[in-house]
file entry_17.cif (mmCIF, C-alpha atoms and all ligand atoms)
data_entry
#
loop_
_atom_site.label_atom_id
_atom_site.label_comp_id
_atom_site.auth_asym_id
_atom_site.auth_seq_id
_atom_site.Cartn_x
_atom_site.Cartn_y
_atom_site.Cartn_z
CA MET F 565 90.98 14.18 -62.21
CA LYS F 566 91.15 11.86 -65.19
CA LYS F 567 87.78 11.19 -66.82
CA HIS F 568 86.05 7.80 -66.88
CA LEU F 569 83.86 6.14 -69.48
CA TYR F 570 81.68 3.13 -68.76
CA ALA F 571 79.23 1.33 -71.00
CA ASN F 572 76.09 -0.26 -69.64
CA TRP F 573 75.00 -2.75 -72.27
CA LYS F 574 71.89 -3.75 -70.29
CA MET F 575 70.23 -6.87 -71.79
CA TYR F 576 71.78 -6.48 -75.22
CA LYS F 577 74.30 -8.43 -77.27
CA THR F 578 75.04 -12.09 -77.83
CA ARG F 579 78.57 -13.44 -77.47
CA SER F 580 79.34 -13.09 -81.18
CA GLU F 581 77.92 -9.55 -81.30
CA ALA F 582 80.06 -8.64 -78.28
CA GLN F 583 83.21 -10.07 -79.90
CA CYS F 584 82.49 -8.13 -83.14
CA PHE F 585 82.02 -4.98 -81.08
CA LEU F 586 85.37 -5.40 -79.33
CA GLY F 587 87.01 -6.09 -82.69
CA GLU F 588 86.09 -2.54 -83.76
CA LEU F 589 87.73 -0.82 -80.75
CA ASP F 590 91.22 0.63 -80.49
CA CYS F 591 93.45 -0.24 -77.55
CA VAL F 592 93.20 2.16 -74.64
CA VAL F 593 95.96 3.50 -72.45
CA ASP F 594 93.89 4.90 -69.58
CA LYS F 595 92.65 2.48 -66.97
CA SER F 596 89.37 4.33 -66.80
CA ILE F 597 87.27 2.65 -69.49
CA GLY F 598 84.92 -0.26 -68.83
CA ILE F 599 81.96 -2.21 -70.18
CA GLY F 600 79.11 -3.49 -68.00
CA ALA F 601 77.92 -6.57 -69.87
CA GLY F 602 75.32 -9.31 -69.35
CA PHE F 603 76.37 -12.32 -67.26
CA THR F 604 76.47 -14.66 -70.25
CA LEU F 605 79.08 -12.52 -72.01
CA LEU F 606 81.60 -12.04 -69.25
CA SER F 607 83.58 -15.25 -69.48
CA ASP F 608 83.80 -15.01 -73.27
CA ILE F 609 84.86 -11.41 -73.63
CA SER F 610 86.97 -10.76 -70.56
CA MET F 611 90.28 -11.81 -72.18
CA HIS F 612 89.61 -9.81 -75.34
CA SER F 613 88.55 -6.69 -73.50
CA LYS F 614 91.48 -6.84 -71.08
CA SER F 615 93.87 -7.16 -74.04
CA LEU F 616 92.44 -3.83 -75.25
CA GLY F 617 92.92 -2.28 -71.81
CA ILE F 618 89.17 -2.16 -71.18
CA LYS F 619 87.68 -3.37 -67.90
CA ILE F 620 84.73 -5.68 -67.92
CA GLY F 621 81.96 -5.81 -65.33
CA ALA F 622 78.49 -7.07 -64.46
CA GLN F 623 75.31 -5.06 -64.04
CA THR F 624 74.24 -6.48 -60.69
CA MET F 625 75.16 -9.23 -58.27
CA SER F 626 73.78 -11.00 -55.23
CA GLU F 627 74.42 -9.61 -51.80
CA HIS F 628 75.15 -13.19 -50.68
CA LEU F 629 78.48 -14.93 -51.10
CA GLU F 630 77.01 -18.33 -51.94
CA GLY F 631 74.06 -20.50 -51.04
CA ALA F 632 70.60 -21.55 -52.14
CA PHE F 633 69.67 -18.42 -54.10
CA THR F 634 68.28 -19.66 -57.40
CA GLY F 635 69.18 -17.46 -60.34
CA GLU F 636 71.56 -15.25 -58.40
CA VAL F 637 75.25 -14.63 -59.15
CA SER F 638 77.79 -13.76 -56.46
CA ALA F 639 80.84 -11.49 -56.40
CA LYS F 640 83.02 -14.56 -56.11
CA GLN F 641 81.49 -16.04 -59.29
CA LEU F 642 81.88 -12.74 -61.12
CA LYS F 643 85.55 -12.56 -60.23
CA ASP F 644 85.92 -16.13 -61.40
CA VAL F 645 84.86 -15.16 -64.94
CA GLY F 646 87.11 -12.10 -65.01
CA ALA F 647 84.79 -9.30 -63.94
CA ASP F 648 86.67 -6.24 -62.70
CA PHE F 649 83.64 -4.36 -61.42
CA VAL F 650 79.90 -4.45 -60.92
CA ILE F 651 77.18 -1.83 -61.37
CA LEU F 652 74.98 -1.58 -58.26
CA GLY F 653 71.70 0.23 -57.65
CA HIS F 654 70.84 0.97 -61.26
CA SER F 655 67.37 2.52 -61.45
CA GLU F 656 66.12 -0.25 -63.73
CA ARG F 657 66.87 -2.66 -60.88
CA ARG F 658 65.34 -0.35 -58.31
CA TYR F 659 62.12 0.26 -60.24
CA LEU F 660 61.68 -2.85 -62.39
CA ILE F 661 63.03 -5.49 -60.01
CA GLY F 662 62.23 -3.75 -56.73
CA GLU F 663 65.72 -3.44 -55.26
CA THR F 664 65.56 -1.28 -52.15
CA ASN F 665 68.21 1.00 -50.68
CA GLU F 666 68.67 -1.60 -47.93
CA VAL F 667 69.35 -4.43 -50.40
CA ILE F 668 71.73 -2.21 -52.33
CA SER F 669 73.54 -1.46 -49.08
CA LYS F 670 74.09 -5.20 -48.52
CA LYS F 671 75.40 -5.54 -52.08
CA VAL F 672 77.81 -2.68 -51.48
CA GLU F 673 79.08 -4.40 -48.34
CA SER F 674 79.49 -7.66 -50.20
CA ALA F 675 81.38 -5.96 -53.04
CA ILE F 676 83.74 -4.33 -50.56
CA GLY F 677 84.18 -7.60 -48.66
CA GLN F 678 85.09 -9.37 -51.90
CA GLU F 679 87.31 -6.51 -53.09
CA MET F 680 85.13 -6.01 -56.13
CA SER F 681 85.12 -2.47 -57.56
CA PHE F 682 81.64 -1.08 -58.02
CA ILE F 683 79.71 1.76 -59.61
CA LEU F 684 76.91 2.88 -57.32
CA CYS F 685 74.02 4.45 -59.26
CA ILE F 686 71.73 6.96 -57.64
CA GLY F 687 69.09 9.23 -59.13
CA GLU F 688 65.65 10.72 -58.65
CA ASN F 689 62.55 10.08 -60.73
CA ILE F 690 60.48 12.79 -62.40
CA GLU F 691 57.91 13.09 -59.59
CA GLN F 692 60.67 13.51 -57.04
CA ARG F 693 62.40 16.13 -59.19
CA GLU F 694 59.19 18.08 -59.82
CA GLY F 695 58.32 17.87 -56.14
CA GLY F 696 61.67 19.44 -55.22
CA TYR F 697 62.97 16.30 -53.50
CA THR F 698 65.99 15.58 -55.70
CA LYS F 699 68.66 16.24 -53.08
CA SER F 700 66.83 14.53 -50.24
CA VAL F 701 66.25 11.43 -52.40
CA LEU F 702 69.92 11.33 -53.39
CA LYS F 703 71.01 11.79 -49.80
CA LYS F 704 68.83 8.91 -48.65
CA GLN F 705 70.04 6.63 -51.47
CA LEU F 706 73.64 7.50 -50.71
CA THR F 707 73.57 7.28 -46.94
CA THR F 708 71.60 4.02 -46.88
CA ALA F 709 73.75 2.37 -49.54
CA LEU F 710 76.95 3.33 -47.75
CA CYS F 711 75.82 2.99 -44.13
CA GLY F 712 77.64 -0.32 -43.60
CA THR F 713 80.93 1.02 -44.91
CA ILE F 714 81.51 4.11 -42.85
CA ASP F 715 84.58 2.86 -40.98
CA LYS F 716 86.11 1.07 -43.97
CA TYR F 717 85.54 3.48 -46.81
CA PRO F 718 85.40 1.92 -50.27
CA SER F 719 88.72 2.36 -52.05
CA SER F 720 87.40 1.44 -55.47
CA MET F 721 83.98 3.01 -55.62
CA ILE F 722 82.61 5.16 -58.43
CA ILE F 723 79.29 6.95 -58.11
CA ALA F 724 77.05 7.56 -61.11
CA TYR F 725 74.32 10.18 -60.91
CA GLU F 726 71.61 8.92 -63.21
CA PRO F 727 68.31 10.80 -63.03
CA VAL F 728 65.62 8.30 -63.98
CA TRP F 729 63.85 10.82 -66.23
CA ALA F 730 66.96 11.18 -68.38
CA ILE F 731 67.59 7.49 -68.99
CA GLY F 732 66.67 6.21 -72.44
CA THR F 733 64.66 9.34 -73.22
CA ASN F 734 67.02 11.39 -75.41
CA ASN F 735 66.34 14.07 -72.82
CA SER F 736 69.59 14.34 -70.92
CA ALA F 737 69.97 16.61 -67.92
CA THR F 738 71.93 19.76 -68.71
CA PRO F 739 75.66 19.76 -67.86
CA HIS F 740 74.98 22.67 -65.50
CA ILE F 741 72.31 20.76 -63.53
CA VAL F 742 74.51 17.66 -63.34
CA ASN F 743 77.53 19.64 -62.21
CA ASP F 744 75.49 21.16 -59.39
CA ILE F 745 74.11 17.77 -58.31
CA ASN F 746 77.50 16.05 -58.54
CA SER F 747 79.00 18.78 -56.40
CA TYR F 748 76.23 18.15 -53.85
CA ILE F 749 76.96 14.39 -53.96
CA ARG F 750 80.64 15.14 -53.34
CA GLU F 751 79.75 17.27 -50.33
CA GLU F 752 77.59 14.49 -48.91
CA VAL F 753 80.32 11.90 -49.45
CA GLY F 754 82.70 14.31 -47.69
CA GLU F 755 80.31 14.36 -44.71
CA LEU F 756 80.06 10.57 -44.66
CA TYR F 757 83.80 9.92 -44.94
CA ASN F 758 86.13 12.88 -45.29
CA LYS F 759 86.75 15.71 -47.71
CA GLU F 760 89.99 14.29 -49.13
CA TYR F 761 88.27 11.04 -50.05
CA ALA F 762 85.34 12.92 -51.60
CA LYS F 763 87.69 15.10 -53.64
CA GLN F 764 89.25 12.15 -55.44
CA LEU F 765 86.02 10.11 -55.82
CA PRO F 766 84.96 9.76 -59.47
CA ILE F 767 81.34 10.92 -59.85
CA LEU F 768 79.93 10.20 -63.30
CA TYR F 769 76.75 11.15 -65.11
CA GLY F 770 74.41 8.80 -66.96
CA GLY F 771 71.21 9.49 -68.91
CA SER F 772 71.04 9.90 -72.69
CA VAL F 773 74.76 10.57 -73.06
CA LYS F 774 75.67 10.43 -76.76
CA LEU F 775 78.68 11.12 -78.89
CA ASP F 776 77.50 14.66 -79.56
CA ASN F 777 76.89 15.70 -75.93
CA LEU F 778 79.62 13.78 -74.07
CA GLU F 779 82.14 16.61 -74.34
CA SER F 780 79.72 19.11 -72.76
CA PHE F 781 79.50 16.90 -69.66
CA LEU F 782 83.23 16.21 -69.53
CA SER F 783 83.97 19.93 -69.51
CA GLN F 784 82.33 20.33 -66.08
CA SER F 785 84.56 20.21 -63.01
CA HIS F 786 82.36 17.86 -60.96
CA ILE F 787 81.54 15.45 -63.79
CA ASP F 788 84.31 12.87 -63.88
CA GLY F 789 82.96 10.89 -66.81
CA ALA F 790 79.90 9.08 -68.10
CA LEU F 791 77.95 5.85 -67.79
CA VAL F 792 76.47 5.34 -71.23
CA GLY F 793 73.56 3.09 -72.17
CA SER F 794 72.19 2.94 -75.71
CA ALA F 795 75.00 4.92 -77.38
CA SER F 796 77.53 2.45 -75.97
CA LEU F 797 76.03 -0.33 -78.07
CA ILE F 798 77.39 1.17 -81.28
CA ALA F 799 81.09 0.30 -81.56
CA LYS F 800 81.95 3.22 -83.84
CA ASP F 801 80.42 5.73 -81.40
CA PHE F 802 81.86 4.10 -78.32
CA ASN F 803 85.31 4.09 -79.89
CA LYS F 804 85.03 7.82 -80.61
CA MET F 805 83.94 8.39 -77.00
CA ILE F 806 87.00 6.46 -75.81
CA GLN F 807 89.20 8.66 -77.97
CA MET F 808 87.61 11.75 -76.41
CA ILE F 809 88.38 10.45 -72.92
CA GLU F 810 91.92 9.51 -73.87
CA ARG F 811 92.60 12.95 -75.36
CA GLY F 812 91.61 14.35 -71.92
P1 LIG B 901 70.93 5.70 -71.81
O1 LIG B 901 72.32 6.20 -72.11
O2 LIG B 901 70.39 4.76 -72.82
O3 LIG B 901 70.01 6.82 -71.45
O4 LIG B 901 71.07 4.81 -70.46
C1 LIG B 901 71.78 5.31 -69.40
C2 LIG B 901 71.97 4.27 -68.38
O5 LIG B 901 71.02 3.68 -67.90
C3 LIG B 901 73.36 3.94 -68.01
O6 LIG B 901 73.41 3.11 -66.89
#

call {"tool": "encode", "arguments": {"input": "entry_17.cif", "output": "structure tokens", "more": "lines below"}}
Ligand code: 13P
result
Amino acid sequence: MKKHLYANWKMYKTRSEAQCFLGELDCVVDKSIGIGAGFTLLSDISMHSKSLGIKIGAQTMSEHLEGAFTGEVSAKQLKDVGADFVILGHSERRYLIGETNEVISKKVESAIGQEMSFILCIGENIEQREGGYTKSVLKKQLTTALCGTIDKYPSSMIIAYEPVWAIGTNNSATPHIVNDINSYIREEVGELYNKEYAKQLPILYGGSVKLDNLESFLSQSHIDGALVGSASLIAKDFNKMIQMIERG
């Protein structure tokens, strides 16, 4: 399977910083590179990024289509400013904002209904890992998030395994651990839908991925790419990561 590379810029970059960043990137041939940017950047940078062959996406969205939901942004509005995808269920939204599996499930349904591609993030925290609950936590996150989609399986879904303890810590999980977990996620997706679908589903890893460890993750059979936070903010590094993905 071809490998994917997605940036999660979180709450970083102004419009001019984002334009400068894009100005430092080479064009890409693969359709498997994307940047998850803040809402305020999307409209401004979508043309530029698309001209480079890079998809642009948001980092969350409302589960509602429209209505009196102050401060929220819908799938329809995201598409209107050129977003190609949205990140759903990121642990910073789960833990800092209080998004539950049930809310994430509604967002997944809304994304599918609006034909918006999405990256579903799942991952255990350190207590859950140390308690031996990693797989049961992932199973619950996965089955709840996808429970409304069982008869119409998502054609443009990507899953990102992002253990909370590895995010922003410089303490990434080992490629071996991630490969084992991603293989487990694939099995579970196979149970939910079917094995053929699970086989071609991109399952990424996120959590302290840097230029110097990306290759070690990409070399694993069940790791189909990376969702990169802080290292994706540096244009020079991100460009080198793109080149790595393009070389295959
Ligand atoms: P870091 O790469 O900064 O650990 O962040 C990972 C992440 O949260 C990607 O969604």

call {"tool": "axis_aligned_box", "arguments": {"input": "entry_17.cif", "around": "ligand LIG 901 (chain B)", "padding_each_side": "5 Å", "output": "lines of an AutoDock Vina configuration file"}}
result
center_x = 71.7
center_y = 5.0
center_z = -69.9
size_x = 13.4
size_y = 13.7
size_z = 15.9

call {"tool": "atom_distance", "arguments": {"input": "entry_17.cif", "atom1": "CA of Val592 in chain F", "atom2": "CA of Glu810 in chain F"}}
result
7.5 Å

call {"tool": "atom_distance", "arguments": {"input": "entry_17.cif", "atom1": "CA of Ile651 in chain F", "atom2": "CA of Asp788 in chain F"}}
result
16.5 Å

call {"tool": "closest_residue", "arguments": {"input": "entry_17.cif", "among": "F:Ala737, F:Cys584, F:Leu629, F:Ile676", "to": "His612 in chain F", "atoms": "only C-alpha atoms"}}
result
F:Cys584

call {"tool": "residues_around", "arguments": {"input": "entry_17.cif", "residues": "Val701 in chain F", "least_positions_apart": "3", "cutoff": "10 Å", "atoms": "all atoms listed in the file", "output": "PyMOL selection string"}}
result
chain F and resi 686-689+692-693+696-698+704-706

call {"tool": "closest_atom_pairs", "arguments": {"input": "entry_17.cif", "of": "chain F", "to": "ligand LIG 901 (chain B)", "cutoff": "7 Å", "atoms": "only C-alpha atoms and all ligand atoms", "output": "JSON lines"}}
result
{"residue": "F:Asn572", "atom": "CA", "partner": "B:LIG901", "partner_atom": "O6", "distance": 5.1}
{"residue": "F:His654", "atom": "CA", "partner": "B:LIG901", "partner_atom": "O6", "distance": 6.5}
{"residue": "F:Glu726", "atom": "CA", "partner": "B:LIG901", "partner_atom": "C2", "distance": 7.0}
{"residue": "F:Ala730", "atom": "CA", "partner": "B:LIG901", "partner_atom": "O3", "distance": 6.1}
{"residue": "F:Ile731", "atom": "CA", "partner": "B:LIG901", "partner_atom": "O3", "distance": 3.5}
{"residue": "F:Gly732", "atom": "CA", "partner": "B:LIG901", "partner_atom": "O3", "distance": 3.5}
{"residue": "F:Thr733", "atom": "CA", "partner": "B:LIG901", "partner_atom": "O3", "distance": 6.2}
{"residue": "F:Asn734", "atom": "CA", "partner": "B:LIG901", "partner_atom": "O3", "distance": 6.7}
{"residue": "F:Gly770", "atom": "CA", "partner": "B:LIG901", "partner_atom": "C1", "distance": 5.0}
{"residue": "F:Gly771", "atom": "CA", "partner": "B:LIG901", "partner_atom": "O3", "distance": 3.9}
{"residue": "F:Ser772", "atom": "CA", "partner": "B:LIG901", "partner_atom": "O3", "distance": 3.5}
{"residue": "F:Val773", "atom": "CA", "partner": "B:LIG901", "partner_atom": "O1", "distance": 5.1}
{"residue": "F:Leu791", "atom": "CA", "partner": "B:LIG901", "partner_atom": "C3", "distance": 5.0}
{"residue": "F:Val792", "atom": "CA", "partner": "B:LIG901", "partner_atom": "O1", "distance": 4.3}
{"residue": "F:Gly793", "atom": "CA", "partner": "B:LIG901", "partner_atom": "O1", "distance": 3.3}
{"residue": "F:Ser794", "atom": "CA", "partner": "B:LIG901", "partner_atom": "O2", "distance": 3.9}
{"residue": "F:Ala795", "atom": "CA", "partner": "B:LIG901", "partner_atom": "O1", "distance": 6.0}

call {"tool": "atom_distance", "arguments": {"input": "entry_17.cif", "atom1": "CA of Gly621 in chain F", "atom2": "CA of Trp573 in chain F"}}
result
10.3 Å

call {"tool": "closest_atom_pairs", "arguments": {"input": "entry_17.cif", "of": "range 678-708 of chain F", "to": "range 639-645 of chain F", "cutoff": "10 Å", "atoms": "only C-alpha atoms", "output": "tab-separated table"}}
result
residue	atom	partner	partner_atom	distance
F:Gln678	CA	F:Ala639	CA	6.5
F:Glu679	CA	F:Ala639	CA	8.8
F:Met680	CA	F:Ala639	CA	7.0

call {"tool": "closest_residue", "arguments": {"input": "entry_17.cif", "among": "F:Asp801, F:Asp776, F:Asp744, F:Asp648", "to": "Gly600 in chain F", "atoms": "only C-alpha atoms"}}
result
F:Asp648

call {"tool": "residues_near_point", "arguments": {"input": "entry_17.cif", "point": "(77.1, 10.2, -47.8)", "cutoff": "8 Å", "atoms": "only C-alpha atoms", "output": "short mmCIF file (atom, residue, chain, number, x, y, z; two decimals) with C-alpha atoms, in the coordinates of the input"}}
result
data_model
loop_
_atom_site.label_atom_id
_atom_site.label_comp_id
_atom_site.auth_asym_id
_atom_site.auth_seq_id
_atom_site.Cartn_x
_atom_site.Cartn_y
_atom_site.Cartn_z
CA LYS F 703 71.01 11.79 -49.80
CA LEU F 706 73.64 7.50 -50.71
CA THR F 707 73.57 7.28 -46.94
CA LEU F 710 76.95 3.33 -47.75
CA ILE F 749 76.96 14.39 -53.96
CA GLU F 751 79.75 17.27 -50.33
CA GLU F 752 77.59 14.49 -48.91
CA VAL F 753 80.32 11.90 -49.45
CA GLY F 754 82.70 14.31 -47.69
CA GLU F 755 80.31 14.36 -44.71
CA LEU F 756 80.06 10.57 -44.66
CA TYR F 757 83.80 9.92 -44.94
#

call {"tool": "residues_around", "arguments": {"input": "entry_17.cif", "residues": "Glu630 in chain F", "least_positions_apart": "3", "cutoff": "12 Å", "atoms": "only C-alpha atoms", "output": "ChimeraX atom specification"}}
result
/F:625-627,633-642,674

call {"tool": "closest_residue", "arguments": {"input": "entry_17.cif", "among": "F:Ile806, F:Val650, F:Cys711, F:Ile620", "to": "Ile723 in chain F", "atoms": "only C-alpha atoms"}}
result
F:Val650

call {"tool": "closest_residue", "arguments": {"input": "entry_17.cif", "among": "F:Asp594, F:Leu586, F:Gln623, F:Tyr725", "to": "Met611 in chain F", "atoms": "all atoms listed in the file"}}
result
F:Leu586

call {"tool": "build_atoms", "arguments": {"input": "entry_17.cif", "residues": "range 783-803 of chain F", "atoms": "N, CA, C and O atoms", "output": "PDB file, keeping the file's coordinate frame"}}
result
ATOM      1  N   SER F 783      83.351  18.624 -69.757  1.00  0.00           N
ATOM      2  CA  SER F 783      83.970  19.930 -69.510  1.00  0.00           C
ATOM      3  C   SER F 783      83.636  20.489 -68.123  1.00  0.00           C
ATOM      4  O   SER F 783      84.190  21.495 -67.707  1.00  0.00           O
ATOM      5  N   GLN F 784      82.732  19.839 -67.414  1.00  0.00           N
ATOM      6  CA  GLN F 784      82.330  20.330 -66.080  1.00  0.00           C
ATOM      7  C   GLN F 784      83.249  19.768 -64.988  1.00  0.00           C
ATOM      8  O   GLN F 784      83.598  18.584 -65.020  1.00  0.00           O
ATOM      9  N   SER F 785      83.555  20.612 -64.010  1.00  0.00           N
ATOM     10  CA  SER F 785      84.560  20.210 -63.010  1.00  0.00           C
ATOM     11  C   SER F 785      84.115  19.063 -62.109  1.00  0.00           C
ATOM     12  O   SER F 785      84.947  18.319 -61.608  1.00  0.00           O
ATOM     13  N   HIS F 786      82.812  18.936 -61.861  1.00  0.00           N
ATOM     14  CA  HIS F 786      82.360  17.860 -60.960  1.00  0.00           C
ATOM     15  C   HIS F 786      81.844  16.638 -61.706  1.00  0.00           C
ATOM     16  O   HIS F 786      81.292  15.729 -61.092  1.00  0.00           O
ATOM     17  N   ILE F 787      81.974  16.629 -63.021  1.00  0.00           N
ATOM     18  CA  ILE F 787      81.540  15.450 -63.790  1.00  0.00           C
ATOM     19  C   ILE F 787      82.802  14.723 -64.256  1.00  0.00           C
ATOM     20  O   ILE F 787      83.526  15.200 -65.118  1.00  0.00           O
ATOM     21  N   ASP F 788      83.041  13.576 -63.636  1.00  0.00           N
ATOM     22  CA  ASP F 788      84.310  12.870 -63.880  1.00  0.00           C
ATOM     23  C   ASP F 788      84.183  11.800 -64.952  1.00  0.00           C
ATOM     24  O   ASP F 788      85.048  10.917 -65.039  1.00  0.00           O
ATOM     25  N   GLY F 789      83.120  11.855 -65.729  1.00  0.00           N
ATOM     26  CA  GLY F 789      82.960  10.890 -66.810  1.00  0.00           C
ATOM     27  C   GLY F 789      81.498  10.508 -66.969  1.00  0.00           C
ATOM     28  O   GLY F 789      80.617  11.148 -66.401  1.00  0.00           O
ATOM     29  N   ALA F 790      81.279   9.447 -67.757  1.00  0.00           N
ATOM     30  CA  ALA F 790      79.900   9.080 -68.100  1.00  0.00           C
ATOM     31  C   ALA F 790      79.674   7.581 -68.036  1.00  0.00           C
ATOM     32  O   ALA F 790      80.593   6.783 -68.256  1.00  0.00           O
ATOM     33  N   LEU F 791      78.433   7.236 -67.707  1.00  0.00           N
ATOM     34  CA  LEU F 791      77.950   5.850 -67.790  1.00  0.00           C
ATOM     35  C   LEU F 791      76.918   5.864 -68.919  1.00  0.00           C
ATOM     36  O   LEU F 791      75.881   6.528 -68.803  1.00  0.00           O
ATOM     37  N   VAL F 792      77.233   5.178 -69.994  1.00  0.00           N
ATOM     38  CA  VAL F 792      76.470   5.340 -71.230  1.00  0.00           C
ATOM     39  C   VAL F 792      75.677   4.072 -71.550  1.00  0.00           C
ATOM     40  O   VAL F 792      76.241   2.973 -71.558  1.00  0.00           O
ATOM     41  N   GLY F 793      74.397   4.228 -71.809  1.00  0.00           N
ATOM     42  CA  GLY F 793      73.560   3.090 -72.170  1.00  0.00           C
ATOM     43  C   GLY F 793      73.513   2.882 -73.672  1.00  0.00           C
ATOM     44  O   GLY F 793      74.470   2.377 -74.272  1.00  0.00           O
ATOM     45  N   SER F 794      72.425   3.322 -74.311  1.00  0.00           N
ATOM     46  CA  SER F 794      72.190   2.940 -75.710  1.00  0.00           C
ATOM     47  C   SER F 794      73.323   3.342 -76.660  1.00  0.00           C
ATOM     48  O   SER F 794      73.669   2.570 -77.566  1.00  0.00           O
ATOM     49  N   ALA F 795      73.937   4.500 -76.447  1.00  0.00           N
ATOM     50  CA  ALA F 795      75.000   4.920 -77.380  1.00  0.00           C
ATOM     51  C   ALA F 795      76.250   4.058 -77.247  1.00  0.00           C
ATOM     52  O   ALA F 795      77.104   4.065 -78.134  1.00  0.00           O
ATOM     53  N   SER F 796      76.347   3.305 -76.146  1.00  0.00           N
ATOM     54  CA  SER F 796      77.530   2.450 -75.970  1.00  0.00           C
ATOM     55  C   SER F 796      77.397   1.134 -76.721  1.00  0.00           C
ATOM     56  O   SER F 796      78.319   0.320 -76.734  1.00  0.00           O
ATOM     57  N   LEU F 797      76.240   0.926 -77.343  1.00  0.00           N
ATOM     58  CA  LEU F 797      76.030  -0.330 -78.070  1.00  0.00           C
ATOM     59  C   LEU F 797      76.591  -0.250 -79.490  1.00  0.00           C
ATOM     60  O   LEU F 797      76.722  -1.254 -80.179  1.00  0.00           O
ATOM     61  N   ILE F 798      76.892   0.973 -79.920  1.00  0.00           N
ATOM     62  CA  ILE F 798      77.390   1.170 -81.280  1.00  0.00           C
ATOM     63  C   ILE F 798      78.907   1.330 -81.214  1.00  0.00           C
ATOM     64  O   ILE F 798      79.412   2.320 -80.660  1.00  0.00           O
ATOM     65  N   ALA F 799      79.633   0.334 -81.737  1.00  0.00           N
ATOM     66  CA  ALA F 799      81.090   0.300 -81.560  1.00  0.00           C
ATOM     67  C   ALA F 799      81.769   1.569 -82.065  1.00  0.00           C
ATOM     68  O   ALA F 799      82.651   2.120 -81.410  1.00  0.00           O
ATOM     69  N   LYS F 800      81.329   2.038 -83.229  1.00  0.00           N
ATOM     70  CA  LYS F 800      81.950   3.220 -83.840  1.00  0.00           C
ATOM     71  C   LYS F 800      81.834   4.422 -82.887  1.00  0.00           C
ATOM     72  O   LYS F 800      82.783   5.159 -82.672  1.00  0.00           O
ATOM     73  N   ASP F 801      80.650   4.606 -82.315  1.00  0.00           N
ATOM     74  CA  ASP F 801      80.420   5.730 -81.400  1.00  0.00           C
ATOM     75  C   ASP F 801      81.205   5.552 -80.113  1.00  0.00           C
ATOM     76  O   ASP F 801      81.816   6.489 -79.605  1.00  0.00           O
ATOM     77  N   PHE F 802      81.171   4.326 -79.585  1.00  0.00           N
ATOM     78  CA  PHE F 802      81.860   4.100 -78.320  1.00  0.00           C
ATOM     79  C   PHE F 802      83.363   4.326 -78.493  1.00  0.00           C
ATOM     80  O   PHE F 802      84.024   4.899 -77.623  1.00  0.00           O
ATOM     81  N   ASN F 803      83.882   3.895 -79.630  1.00  0.00           N
ATOM     82  CA  ASN F 803      85.310   4.090 -79.890  1.00  0.00           C
ATOM     83  C   ASN F 803      85.658   5.578 -79.938  1.00  0.00           C
ATOM     84  O   ASN F 803      86.671   6.007 -79.395  1.00  0.00           O
TER      85      ASN F 803
END
